[in-house]
$ cat entry-v4.cif   # mmCIF, C-alpha atoms
data_my_file
#
loop_
_atom_site.group_PDB
_atom_site.id
_atom_site.type_symbol
_atom_site.label_atom_id
_atom_site.label_comp_id
_atom_site.auth_asym_id
_atom_site.auth_seq_id
_atom_site.Cartn_x
_atom_site.Cartn_y
_atom_site.Cartn_z
ATOM 1 C CA MET A 26 58.768 -133.427 -5.209
ATOM 2 C CA ALA A 27 61.072 -130.853 -3.659
ATOM 3 C CA LEU A 28 60.587 -128.685 -6.738
ATOM 4 C CA LEU A 29 56.805 -128.953 -6.329
ATOM 5 C CA ARG A 30 57.123 -127.944 -2.696
ATOM 6 C CA MET A 31 59.251 -124.943 -3.658
ATOM 7 C CA MET A 32 56.776 -123.906 -6.354
ATOM 8 C CA GLY A 33 53.797 -124.526 -4.082
ATOM 9 C CA ARG A 34 54.744 -121.879 -1.531
ATOM 10 C CA PRO A 35 54.614 -118.902 -3.912
ATOM 11 C CA VAL A 36 51.408 -120.232 -5.444
ATOM 12 C CA ILE A 37 49.754 -120.555 -2.041
ATOM 13 C CA ALA A 38 51.048 -117.120 -1.028
ATOM 14 C CA GLY A 39 49.696 -115.686 -4.272
ATOM 15 C CA LEU A 40 46.303 -117.279 -3.735
ATOM 16 C CA LEU A 41 46.159 -115.934 -0.183
ATOM 17 C CA ALA A 42 47.087 -112.464 -1.445
ATOM 18 C CA LEU A 43 44.336 -112.670 -4.068
ATOM 19 C CA LEU A 44 41.835 -113.795 -1.429
ATOM 20 C CA LEU A 45 42.763 -110.933 0.892
ATOM 21 C CA ALA A 46 42.625 -108.441 -1.964
ATOM 22 C CA ALA A 47 39.124 -109.657 -2.785
ATOM 23 C CA CYS A 48 37.923 -108.937 0.750
ATOM 24 C CA ALA A 49 36.661 -105.634 2.124
ATOM 25 C CA SER A 50 39.256 -103.354 3.717
ATOM 26 C CA GLY A 51 37.355 -100.326 5.100
ATOM 27 C CA PRO A 52 36.827 -99.555 8.793
ATOM 28 C CA GLN A 53 35.062 -102.187 10.842
ATOM 29 C CA PHE A 54 31.466 -101.615 11.886
ATOM 30 C CA SER A 55 32.463 -101.796 15.556
ATOM 31 C CA GLN A 56 34.949 -98.948 14.986
ATOM 32 C CA MET A 57 32.612 -96.641 13.060
ATOM 33 C CA GLN A 58 29.320 -97.470 14.784
ATOM 34 C CA GLY A 59 29.373 -94.230 16.770
ATOM 35 C CA SER A 60 29.992 -92.097 13.713
ATOM 36 C CA LEU A 61 27.194 -93.516 11.581
ATOM 37 C CA PRO A 62 24.636 -90.826 10.741
ATOM 38 C CA ALA A 63 21.484 -91.092 12.822
ATOM 39 C CA LEU A 64 18.483 -92.534 11.067
ATOM 40 C CA SER A 65 15.910 -89.847 10.354
ATOM 41 C CA ALA A 66 12.429 -90.441 11.736
ATOM 42 C CA ASP A 67 10.833 -90.694 8.321
ATOM 43 C CA ASN A 68 13.239 -93.323 6.968
ATOM 44 C CA GLY A 69 14.184 -96.931 7.588
ATOM 45 C CA ARG A 70 17.695 -98.387 7.261
ATOM 46 C CA ILE A 71 18.760 -101.530 5.438
ATOM 47 C CA PHE A 72 22.174 -103.015 6.213
ATOM 48 C CA VAL A 73 23.501 -105.332 3.523
ATOM 49 C CA TYR A 74 26.506 -107.508 4.303
ATOM 50 C CA ARG A 75 28.446 -110.572 3.292
ATOM 51 C CA SER A 76 30.113 -112.313 6.204
ATOM 52 C CA THR A 77 31.972 -115.173 4.509
ATOM 53 C CA VAL A 78 34.926 -115.285 2.111
ATOM 54 C CA LEU A 79 33.638 -118.361 0.288
ATOM 55 C CA GLY A 80 33.461 -117.655 -3.435
ATOM 56 C CA ALA A 81 35.411 -114.430 -2.903
ATOM 57 C CA ALA A 82 35.922 -113.918 -6.628
ATOM 58 C CA ILE A 83 32.178 -113.653 -7.169
ATOM 59 C CA GLN A 84 31.080 -110.142 -6.215
ATOM 60 C CA PRO A 85 27.861 -109.256 -7.997
ATOM 61 C CA SER A 86 26.179 -105.883 -7.708
ATOM 62 C CA VAL A 87 23.386 -105.513 -5.186
ATOM 63 C CA LYS A 88 20.262 -103.766 -6.397
ATOM 64 C CA ILE A 89 17.391 -102.316 -4.422
ATOM 65 C CA ASN A 90 14.271 -101.872 -6.512
ATOM 66 C CA GLY A 91 16.443 -102.001 -9.619
ATOM 67 C CA ASP A 92 19.061 -99.440 -8.536
ATOM 68 C CA VAL A 93 22.626 -100.575 -7.872
ATOM 69 C CA VAL A 94 23.458 -99.675 -4.280
ATOM 70 C CA GLY A 95 26.623 -101.705 -3.676
ATOM 71 C CA SER A 96 28.478 -104.934 -4.252
ATOM 72 C CA ALA A 97 28.624 -108.290 -2.505
ATOM 73 C CA VAL A 98 32.175 -107.897 -1.206
ATOM 74 C CA PRO A 99 33.299 -110.636 1.203
ATOM 75 C CA ARG A 100 33.578 -109.446 4.821
ATOM 76 C CA GLY A 101 32.015 -106.124 3.814
ATOM 77 C CA PHE A 102 28.846 -104.182 4.616
ATOM 78 C CA PHE A 103 27.021 -101.084 3.500
ATOM 79 C CA TYR A 104 23.683 -99.512 4.317
ATOM 80 C CA VAL A 105 20.997 -97.468 2.652
ATOM 81 C CA ASP A 106 18.290 -95.288 4.173
ATOM 82 C CA ARG A 107 14.953 -95.430 2.429
ATOM 83 C CA PRO A 108 11.408 -94.193 3.069
ATOM 84 C CA PRO A 109 8.918 -96.737 4.391
ATOM 85 C CA GLY A 110 7.623 -99.097 1.737
ATOM 86 C CA ASP A 111 8.187 -102.308 -0.171
ATOM 87 C CA TYR A 112 11.653 -103.199 -1.420
ATOM 88 C CA GLU A 113 13.213 -105.903 -3.560
ATOM 89 C CA ILE A 114 16.890 -106.656 -3.028
ATOM 90 C CA THR A 115 18.437 -108.476 -5.952
ATOM 91 C CA THR A 116 21.737 -110.112 -6.837
ATOM 92 C CA ILE A 117 22.512 -111.494 -10.271
ATOM 93 C CA THR A 118 25.093 -114.170 -10.996
ATOM 94 C CA GLU A 119 24.094 -116.950 -13.372
ATOM 95 C CA VAL A 120 20.699 -116.709 -11.700
ATOM 96 C CA THR A 121 18.741 -113.821 -10.244
ATOM 97 C CA ARG A 122 17.973 -114.061 -6.540
ATOM 98 C CA THR A 123 15.531 -111.653 -4.905
ATOM 99 C CA LEU A 124 14.494 -110.903 -1.356
ATOM 100 C CA SER A 125 11.344 -108.852 -0.875
ATOM 101 C CA LEU A 126 10.800 -107.042 2.399
ATOM 102 C CA HIS A 127 8.656 -104.340 3.909
ATOM 103 C CA LEU A 128 10.443 -101.418 5.591
ATOM 104 C CA GLU A 129 8.844 -99.204 8.203
ATOM 105 C CA ALA A 130 9.895 -95.770 9.417
ATOM 106 C CA GLY A 131 12.581 -96.009 12.103
ATOM 107 C CA GLN A 132 13.121 -99.685 11.382
ATOM 108 C CA THR A 133 16.530 -101.288 10.743
ATOM 109 C CA ARG A 134 16.674 -104.435 8.610
ATOM 110 C CA TYR A 135 19.663 -106.747 8.126
ATOM 111 C CA VAL A 136 20.192 -108.499 4.815
ATOM 112 C CA ARG A 137 22.923 -111.135 4.646
ATOM 113 C CA LEU A 138 24.366 -112.189 1.313
ATOM 114 C CA GLY A 139 24.958 -115.928 1.356
ATOM 115 C CA ILE A 140 26.596 -118.072 -1.294
ATOM 116 C CA SER A 141 25.553 -121.437 -2.647
ATOM 117 C CA ILE A 142 26.890 -123.805 -5.259
ATOM 118 C CA GLY A 143 26.009 -122.999 -8.839
ATOM 119 C CA PHE A 144 26.510 -124.669 -12.190
ATOM 120 C CA PHE A 145 29.331 -122.482 -13.521
ATOM 121 C CA VAL A 146 29.718 -119.989 -10.668
ATOM 122 C CA GLY A 147 28.378 -119.754 -7.135
ATOM 123 C CA HIS A 148 25.030 -118.102 -6.465
ATOM 124 C CA VAL A 149 24.925 -115.098 -4.162
ATOM 125 C CA TYR A 150 21.545 -114.804 -2.488
ATOM 126 C CA PRO A 151 20.065 -112.251 -0.057
ATOM 127 C CA GLU A 152 18.377 -113.416 3.135
ATOM 128 C CA LEU A 153 16.619 -111.508 5.880
ATOM 129 C CA LEU A 154 17.961 -111.786 9.436
ATOM 130 C CA ASP A 155 16.433 -110.624 12.683
ATOM 131 C CA GLY A 156 17.920 -107.566 14.343
ATOM 132 C CA ALA A 157 19.897 -109.352 17.052
ATOM 133 C CA ALA A 158 21.549 -111.830 14.695
ATOM 134 C CA GLY A 159 22.268 -109.207 12.054
ATOM 135 C CA ALA A 160 23.704 -106.713 14.538
ATOM 136 C CA ALA A 161 25.991 -109.400 15.978
ATOM 137 C CA GLU A 162 27.252 -110.626 12.609
ATOM 138 C CA ILE A 163 28.013 -107.195 11.231
ATOM 139 C CA GLN A 164 30.327 -106.093 14.080
ATOM 140 C CA GLU A 165 33.619 -107.270 12.563
ATOM 141 C CA LEU A 166 32.768 -106.537 8.937
ATOM 142 C CA HIS A 167 34.300 -103.700 6.940
ATOM 143 C CA TYR A 168 32.506 -100.709 5.508
ATOM 144 C CA ILE A 169 32.364 -100.709 1.707
ATOM 145 C CA GLY A 170 29.831 -97.926 1.216
ATOM 146 C CA LYS A 171 30.473 -94.545 -0.362
ATOM 147 C CA MET B 923 52.434 -163.851 -42.229
ATOM 148 C CA ARG B 924 50.462 -162.191 -39.438
ATOM 149 C CA PRO B 925 49.235 -164.180 -36.487
ATOM 150 C CA ALA B 926 45.528 -165.033 -36.690
ATOM 151 C CA GLY B 927 43.161 -162.671 -34.823
ATOM 152 C CA ARG B 928 45.504 -159.704 -34.801
ATOM 153 C CA PRO B 929 44.172 -156.581 -36.583
ATOM 154 C CA SER B 930 45.788 -155.608 -39.852
ATOM 155 C CA SER B 931 46.668 -152.167 -38.502
ATOM 156 C CA THR B 932 46.946 -151.186 -34.856
ATOM 157 C CA ARG B 933 47.764 -147.591 -35.722
ATOM 158 C CA TYR B 934 44.457 -146.420 -37.230
ATOM 159 C CA ASP B 935 41.856 -148.764 -35.778
ATOM 160 C CA TRP B 936 39.550 -147.069 -33.255
ATOM 161 C CA PRO B 937 39.939 -149.045 -30.039
ATOM 162 C CA GLU B 938 36.935 -150.627 -28.382
ATOM 163 C CA PRO B 939 36.068 -148.611 -25.229
ATOM 164 C CA ALA B 940 37.403 -150.394 -22.232
ATOM 165 C CA SER B 941 34.948 -151.368 -19.522
ATOM 166 C CA SER B 942 36.426 -148.781 -17.132
ATOM 167 C CA ASN B 943 35.908 -146.058 -19.775
ATOM 168 C CA ARG B 944 32.237 -146.972 -20.139
ATOM 169 C CA TRP B 945 31.769 -146.687 -16.383
ATOM 170 C CA THR B 946 33.588 -143.346 -16.363
ATOM 171 C CA LEU B 947 31.168 -142.061 -19.004
ATOM 172 C CA ARG B 948 28.197 -143.340 -16.997
ATOM 173 C CA TYR B 949 29.440 -141.634 -13.820
ATOM 174 C CA LEU B 950 30.051 -138.444 -15.780
ATOM 175 C CA ALA B 951 26.512 -138.527 -17.183
ATOM 176 C CA LEU B 952 25.120 -139.184 -13.705
ATOM 177 C CA GLY B 953 27.163 -136.278 -12.306
ATOM 178 C CA ILE B 954 25.900 -133.908 -14.991
ATOM 179 C CA ALA B 955 22.314 -135.063 -14.369
ATOM 180 C CA LEU B 956 22.723 -134.428 -10.633
ATOM 181 C CA VAL B 957 24.172 -130.957 -11.214
ATOM 182 C CA LEU B 958 21.402 -130.078 -13.649
ATOM 183 C CA GLY B 959 18.879 -131.479 -11.183
ATOM 184 C CA ALA B 960 20.294 -129.245 -8.474
ATOM 185 C CA CYS B 961 19.903 -126.280 -10.806
ATOM 186 C CA ALA B 962 16.197 -127.039 -11.045
ATOM 187 C CA PHE B 963 15.897 -125.418 -7.607
ATOM 188 C CA ASP B 964 16.459 -122.126 -9.359
ATOM 189 C CA VAL B 965 13.140 -122.324 -11.117
ATOM 190 C CA ILE B 966 10.964 -123.289 -8.151
ATOM 191 C CA GLN B 967 8.391 -120.601 -7.588
ATOM 192 C CA VAL B 968 6.088 -120.157 -4.626
ATOM 193 C CA ARG B 969 2.498 -120.600 -5.767
ATOM 194 C CA GLN B 970 0.646 -117.361 -5.039
ATOM 195 C CA VAL B 971 -2.810 -115.949 -5.499
ATOM 196 C CA PRO B 972 -3.687 -112.246 -5.232
ATOM 197 C CA ALA B 973 -4.984 -111.351 -1.779
ATOM 198 C CA PRO B 974 -6.134 -107.780 -1.113
ATOM 199 C CA LEU B 975 -5.508 -106.882 2.529
ATOM 200 C CA GLU B 976 -8.138 -105.061 4.533
ATOM 201 C CA ALA B 977 -6.043 -103.365 7.210
ATOM 202 C CA ILE B 978 -7.195 -103.098 10.829
ATOM 203 C CA SER B 979 -7.489 -99.542 12.045
ATOM 204 C CA SER B 980 -8.457 -100.239 15.664
ATOM 205 C CA PRO B 981 -5.994 -101.570 18.293
ATOM 206 C CA ALA B 982 -5.006 -105.064 17.201
ATOM 207 C CA PRO B 983 -5.531 -108.101 19.412
ATOM 208 C CA GLU B 984 -2.366 -110.000 20.340
ATOM 209 C CA TRP B 985 -1.614 -113.609 21.184
ATOM 210 C CA THR B 986 1.435 -115.742 21.953
ATOM 211 C CA LEU B 987 2.317 -118.975 20.229
ATOM 212 C CA SER B 988 2.429 -121.755 22.825
ATOM 213 C CA GLN B 989 4.614 -124.220 20.902
ATOM 214 C CA ASP B 990 6.727 -124.340 17.748
ATOM 215 C CA ALA B 991 4.810 -124.774 14.521
ATOM 216 C CA ASN B 992 6.349 -126.097 11.315
ATOM 217 C CA VAL B 993 4.171 -125.119 8.390
ATOM 218 C CA ARG B 994 4.809 -126.840 5.046
ATOM 219 C CA LEU B 995 4.122 -125.434 1.619
ATOM 220 C CA ARG B 996 3.535 -127.198 -1.678
ATOM 221 C CA GLU B 997 6.549 -125.412 -3.172
ATOM 222 C CA GLY B 998 9.442 -124.027 -1.181
ATOM 223 C CA PHE B 999 9.411 -123.758 2.585
ATOM 224 C CA ALA B 1000 8.503 -121.373 5.376
ATOM 225 C CA ALA B 1001 10.321 -120.300 8.511
ATOM 226 C CA LEU B 1002 9.657 -122.291 11.679
ATOM 227 C CA LEU B 1003 7.180 -120.405 13.865
ATOM 228 C CA LYS B 1004 8.764 -120.223 17.294
ATOM 229 C CA ALA B 1005 7.050 -120.775 20.624
ATOM 230 C CA GLY B 1006 6.826 -117.624 22.738
ATOM 231 C CA THR B 1007 6.516 -115.224 19.824
ATOM 232 C CA THR B 1008 3.787 -112.610 20.129
ATOM 233 C CA TRP B 1009 1.581 -111.845 17.164
ATOM 234 C CA ARG B 1010 -0.746 -108.968 16.399
ATOM 235 C CA ALA B 1011 -3.482 -108.760 13.795
ATOM 236 C CA ILE B 1012 -2.775 -106.389 10.918
ATOM 237 C CA GLY B 1013 -5.748 -107.134 8.721
ATOM 238 C CA HIS B 1014 -7.890 -109.613 6.895
ATOM 239 C CA ILE B 1015 -7.722 -111.321 3.488
ATOM 240 C CA PRO B 1016 -10.330 -113.656 1.955
ATOM 241 C CA GLN B 1017 -8.396 -116.700 3.256
ATOM 242 C CA GLY B 1018 -8.309 -115.522 6.904
ATOM 243 C CA ASP B 1019 -6.907 -113.092 9.463
ATOM 244 C CA VAL B 1020 -3.351 -111.806 8.968
ATOM 245 C CA PHE B 1021 -0.873 -111.575 11.848
ATOM 246 C CA ARG B 1022 2.672 -110.237 12.201
ATOM 247 C CA THR B 1023 5.336 -110.549 14.870
ATOM 248 C CA SER B 1024 8.441 -108.559 15.700
ATOM 249 C CA ASP B 1025 9.925 -111.484 17.631
ATOM 250 C CA GLN B 1026 11.180 -113.415 14.638
ATOM 251 C CA ILE B 1027 11.701 -113.117 10.905
ATOM 252 C CA VAL B 1028 8.955 -114.791 8.905
ATOM 253 C CA THR B 1029 9.808 -115.624 5.331
ATOM 254 C CA VAL B 1030 8.645 -117.952 2.601
ATOM 255 C CA GLU B 1031 11.442 -119.250 0.395
ATOM 256 C CA ALA B 1032 11.939 -121.050 -2.875
ATOM 257 C CA SER B 1033 14.186 -119.573 -5.554
ATOM 258 C CA ASN B 1034 13.483 -116.186 -4.000
ATOM 259 C CA VAL B 1035 12.752 -115.075 -0.453
ATOM 260 C CA TYR B 1036 9.565 -113.256 0.528
ATOM 261 C CA GLU B 1037 8.838 -111.562 3.819
ATOM 262 C CA ALA B 1038 5.539 -112.951 5.023
ATOM 263 C CA ALA B 1039 2.786 -112.702 7.618
ATOM 264 C CA LEU B 1040 0.788 -115.530 9.112
ATOM 265 C CA VAL B 1041 -2.770 -116.250 7.945
ATOM 266 C CA LEU B 1042 -5.075 -117.946 10.434
ATOM 267 C CA ASN B 1043 -8.582 -119.277 10.208
ATOM 268 C CA ALA B 1044 -9.595 -119.706 13.862
ATOM 269 C CA ASP B 1045 -6.613 -121.639 15.312
ATOM 270 C CA VAL B 1046 -5.491 -123.120 12.020
ATOM 271 C CA VAL B 1047 -2.598 -121.769 9.949
ATOM 272 C CA VAL B 1048 -3.971 -121.784 6.427
ATOM 273 C CA GLY B 1049 -0.990 -120.084 4.793
ATOM 274 C CA PHE B 1050 1.067 -116.939 4.511
ATOM 275 C CA TYR B 1051 0.451 -113.437 3.236
ATOM 276 C CA LEU B 1052 3.419 -112.141 1.220
ATOM 277 C CA MET B 1053 3.910 -108.580 2.411
ATOM 278 C CA VAL B 1054 5.379 -107.044 -0.736
ATOM 279 C CA GLU B 1055 3.601 -109.100 -3.374
ATOM 280 C CA HIS B 1056 0.193 -108.754 -1.648
ATOM 281 C CA THR B 1057 -0.482 -112.409 -2.355
ATOM 282 C CA PHE B 1058 -1.397 -115.550 -0.433
ATOM 283 C CA THR B 1059 0.364 -118.913 -0.481
ATOM 284 C CA ALA B 1060 -1.396 -121.878 1.096
ATOM 285 C CA ALA B 1061 -0.093 -124.205 3.790
ATOM 286 C CA ASP B 1062 -0.061 -127.838 2.723
ATOM 287 C CA PRO B 1063 -1.590 -129.152 4.898
ATOM 288 C CA PRO B 1064 -3.117 -126.496 7.184
ATOM 289 C CA VAL B 1065 -1.651 -126.671 10.697
ATOM 290 C CA GLN B 1066 -3.489 -126.411 14.004
ATOM 291 C CA ILE B 1067 -1.619 -124.218 16.526
ATOM 292 C CA LYS B 1068 -1.906 -123.562 20.238
ATOM 293 C CA ARG B 1069 -1.949 -119.923 21.264
ATOM 294 C CA ALA B 1070 -2.587 -117.835 24.345
ATOM 295 C CA ILE B 1071 -4.599 -114.651 23.861
ATOM 296 C CA ARG B 1072 -2.841 -111.675 25.468
ATOM 297 C CA SER B 1073 -5.252 -108.850 24.711
ATOM 298 C CA PRO B 1074 -8.744 -108.512 23.209
#

$ encode --input "entry-v4.cif" --output "structure tokens"
Amino acid sequence: MALLRMMGRPVIAGLLALLLAACASGPQFSQMQGSLPALSADNGRIFVYRSTVLGAAIQPSVKINGDVVGSAVPRGFFYVDRPPGDYEITTITEVTRTLSLHLEAGQTRYVRLGISIGFFVGHVYPELLDGAAGAAEIQELHYIGK
Amino acid sequence: MRPAGRPSSTRYDWPEPASSNRWTLRYLALGIALVLGACAFDVIQVRQVPAPLEAISSPAPEWTLSQDANVRLREGFAALLKAGTTWRAIGHIPQGDVFRTSDQIVTVEASNVYEAALVLNADVVVGFYLMVEHTFTAADPPVQIKRAIRSP
């Protein structure tokens, strides 16, 4: 039993280290908010973020209208500016999950990446949040954009 | 001489499954069935029909929803429509008038999530207009709402 306890500590420490390594590590939104480029009048902005560390090992790419724009990194966020129009935001794990939304000029949308139980791996799915909820949730998340 | 009833070889005979083993197998089968059943959610699609939108060019009339409205769909589910939200007409489809709000997110969800607008026929929610797909999905059943007109 004592041996198990001794072995358990490094294992737990290793798992914690892996978990932390899997999370985003860039500057927090609250720290860089003032330095974000202003949104041009003819574009809209889509913030994409993942607020939980559940299923941290599962980090699928995030696509907007078929183009990879980022990854679903736990505790991370990124944003894209796009002209007004219709957009499909997609994540692929063992299933494909899509959110379709309409973006208007000057508008900011918040897309949260949730996780649900899957058969072999968890499913990461995009969901649309209202501005107040999205802006509040993103404050402590870390920038993972380019 | 071997005692009566004892098998000739205990080394190679396949043992009869014990009762507890049979139950374990049954629970395992039930667990797999439940997991596979849960996966069925991944193939639920919102039933849609094409719905060309005739947009409104003149100033749109607005109204406020007087009480919460929970609109059910045949497949998937829709966001709860919250009391106090203000809606403006954006156009018309064959099923009714189409309204949007900036006071809450309106989505229709099944395996995927679709941003949606409300479709009314008089004071009855008959379904939702899917903004990107340009389709209509019907409420099941249609829901009567109470609203206060704010502007003509």

$ residues_near_point --input "entry-v4.cif" --point "(31.4, -109.4, 6.6)" --cutoff "10 Å" --atoms "only C-alpha atoms" --output "PyMOL selection string"
chain A and resi 48-49+53-54+73-78+97-103+137-138+162-168

$ write_last_selection --input "entry-v4.cif" --atoms "C-alpha atoms" --output "short mmCIF file (atom, residue, chain, number, x, y, z; two decimals), keeping the file's coordinate frame"
data_model
loop_
_atom_site.label_atom_id
_atom_site.label_comp_id
_atom_site.auth_asym_id
_atom_site.auth_seq_id
_atom_site.Cartn_x
_atom_site.Cartn_y
_atom_site.Cartn_z
CA CYS A 48 37.92 -108.94 0.75
CA ALA A 49 36.66 -105.63 2.12
CA GLN A 53 35.06 -102.19 10.84
CA PHE A 54 31.47 -101.62 11.89
CA VAL A 73 23.50 -105.33 3.52
CA TYR A 74 26.51 -107.51 4.30
CA ARG A 75 28.45 -110.57 3.29
CA SER A 76 30.11 -112.31 6.20
CA THR A 77 31.97 -115.17 4.51
CA VAL A 78 34.93 -115.28 2.11
CA ALA A 97 28.62 -108.29 -2.50
CA VAL A 98 32.17 -107.90 -1.21
CA PRO A 99 33.30 -110.64 1.20
CA ARG A 100 33.58 -109.45 4.82
CA GLY A 101 32.02 -106.12 3.81
CA PHE A 102 28.85 -104.18 4.62
CA PHE A 103 27.02 -101.08 3.50
CA ARG A 137 22.92 -111.14 4.65
CA LEU A 138 24.37 -112.19 1.31
CA GLU A 162 27.25 -110.63 12.61
CA ILE A 163 28.01 -107.20 11.23
CA GLN A 164 30.33 -106.09 14.08
CA GLU A 165 33.62 -107.27 12.56
CA LEU A 166 32.77 -106.54 8.94
CA HIS A 167 34.30 -103.70 6.94
CA TYR A 168 32.51 -100.71 5.51
#

$ closest_atom_pairs --input "entry-v4.cif" --of "chain B" --to "chain A" --cutoff "7 Å" --atoms "only C-alpha atoms" --output "Markdown table"
| residue | atom | partner | partner_atom | distance |
| --- | --- | --- | --- | --- |
| B:Val957 | CA | A:Phe144 | CA | 6.8 |
| B:Cys961 | CA | A:Phe144 | CA | 6.9 |
| B:Gln1026 | CA | A:Asp155 | CA | 6.3 |
| B:Ile1027 | CA | A:Asp155 | CA | 5.6 |
| B:Ser1033 | CA | A:Arg122 | CA | 6.8 |
| B:Asn1034 | CA | A:Thr123 | CA | 5.1 |
| B:Val1035 | CA | A:Leu124 | CA | 4.6 |
| B:Tyr1036 | CA | A:Ser125 | CA | 5.0 |
| B:Glu1037 | CA | A:Leu126 | CA | 5.1 |
| B:Met1053 | CA | A:His127 | CA | 6.5 |
| B:Val1054 | CA | A:Asp111 | CA | 5.5 |

$ atom_distance --input "entry-v4.cif" --atom1 "atom CA of B:Gly998" --atom2 "atom CA of B:Ala1032"
4.2 Å

$ residues_around --input "entry-v4.cif" --residues "A:Gly80" --least-positions-apart "5" --cutoff "9 Å" --atoms "all atoms listed in the file" --output "PyMOL selection string"
chain A and resi 99+140-141+146-149

$ write_last_selection --input "entry-v4.cif" --atoms "C-alpha atoms" --output "PDB file, in the frame of the given file"
ATOM      1  CA  PRO A  99      33.299-110.636   1.203  1.00  0.00           C
ATOM      2  CA  ILE A 140      26.596-118.072  -1.294  1.00  0.00           C
ATOM      3  CA  SER A 141      25.553-121.437  -2.647  1.00  0.00           C
ATOM      4  CA  VAL A 146      29.718-119.989 -10.668  1.00  0.00           C
ATOM      5  CA  GLY A 147      28.378-119.754  -7.135  1.00  0.00           C
ATOM      6  CA  HIS A 148      25.030-118.102  -6.465  1.00  0.00           C
ATOM      7  CA  VAL A 149      24.925-115.098  -4.162  1.00  0.00           C
TER       8      VAL A 149
END

$ atom_distance --input "entry-v4.cif" --atom1 "atom CA of B:Gln1017" --atom2 "atom CA of B:Ala973"
8.1 Å

$ residues_around --input "entry-v4.cif" --residues "B:His1014" --least-positions-apart "3" --cutoff "12 Å" --atoms "only C-alpha atoms" --output "VMD selection string"
chain B and resid 973 to 979 982 1010 to 1011 1017 to 1022 1039 to 1043 1050 to 1051 1056 1058

$ atom_distance --input "entry-v4.cif" --atom1 "atom CA of B:Gln970" --atom2 "atom CA of B:Val1028"
16.4 Å

$ residues_around --input "entry-v4.cif" --residues "B:Asp990" --least-positions-apart "4" --cutoff "12 Å" --atoms "all atoms listed in the file" --output "list in words"
Thr986, Ala1001, Leu1002, Leu1003, Lys1004, Ala1005, Gly1006, Thr1007, Val1065, Gln1066, Ile1067, Lys1068 and Arg1069 of chain B

$ resolve_selection --input "entry-v4.cif" --expression "the PyMOL selection byres ((chain A and resi 171) around 12)" --output "ChimeraX atom specification"
/A:51,94-96,102-105,168-170

$ closest_residue --input "entry-v4.cif" --among "B:Val971, B:Leu987, B:Ile966, B:Ala1070" --to "B:Asp1025" --atoms "only C-alpha atoms"
B:Leu987

$ residues_near_point --input "entry-v4.cif" --point "(1.4, -127.6, 3.2)" --cutoff "9 Å" --atoms "all atoms listed in the file" --output "list in words"
Val993, Arg994, Leu995, Arg996, Glu997, Phe999, Val1048, Gly1049, Ala1060, Ala1061, Asp1062, Pro1063, Pro1064 and Val1065 of chain B

$ axis_aligned_box --input "entry-v4.cif" --around "stretch 991-1000 of chain B" --padding-each-side "8 Å" --output "JSON"
{"center_x": 6.5, "center_y": -124.3, "center_z": 5.7, "size_x": 21.9, "size_y": 21.8, "size_z": 33.7}
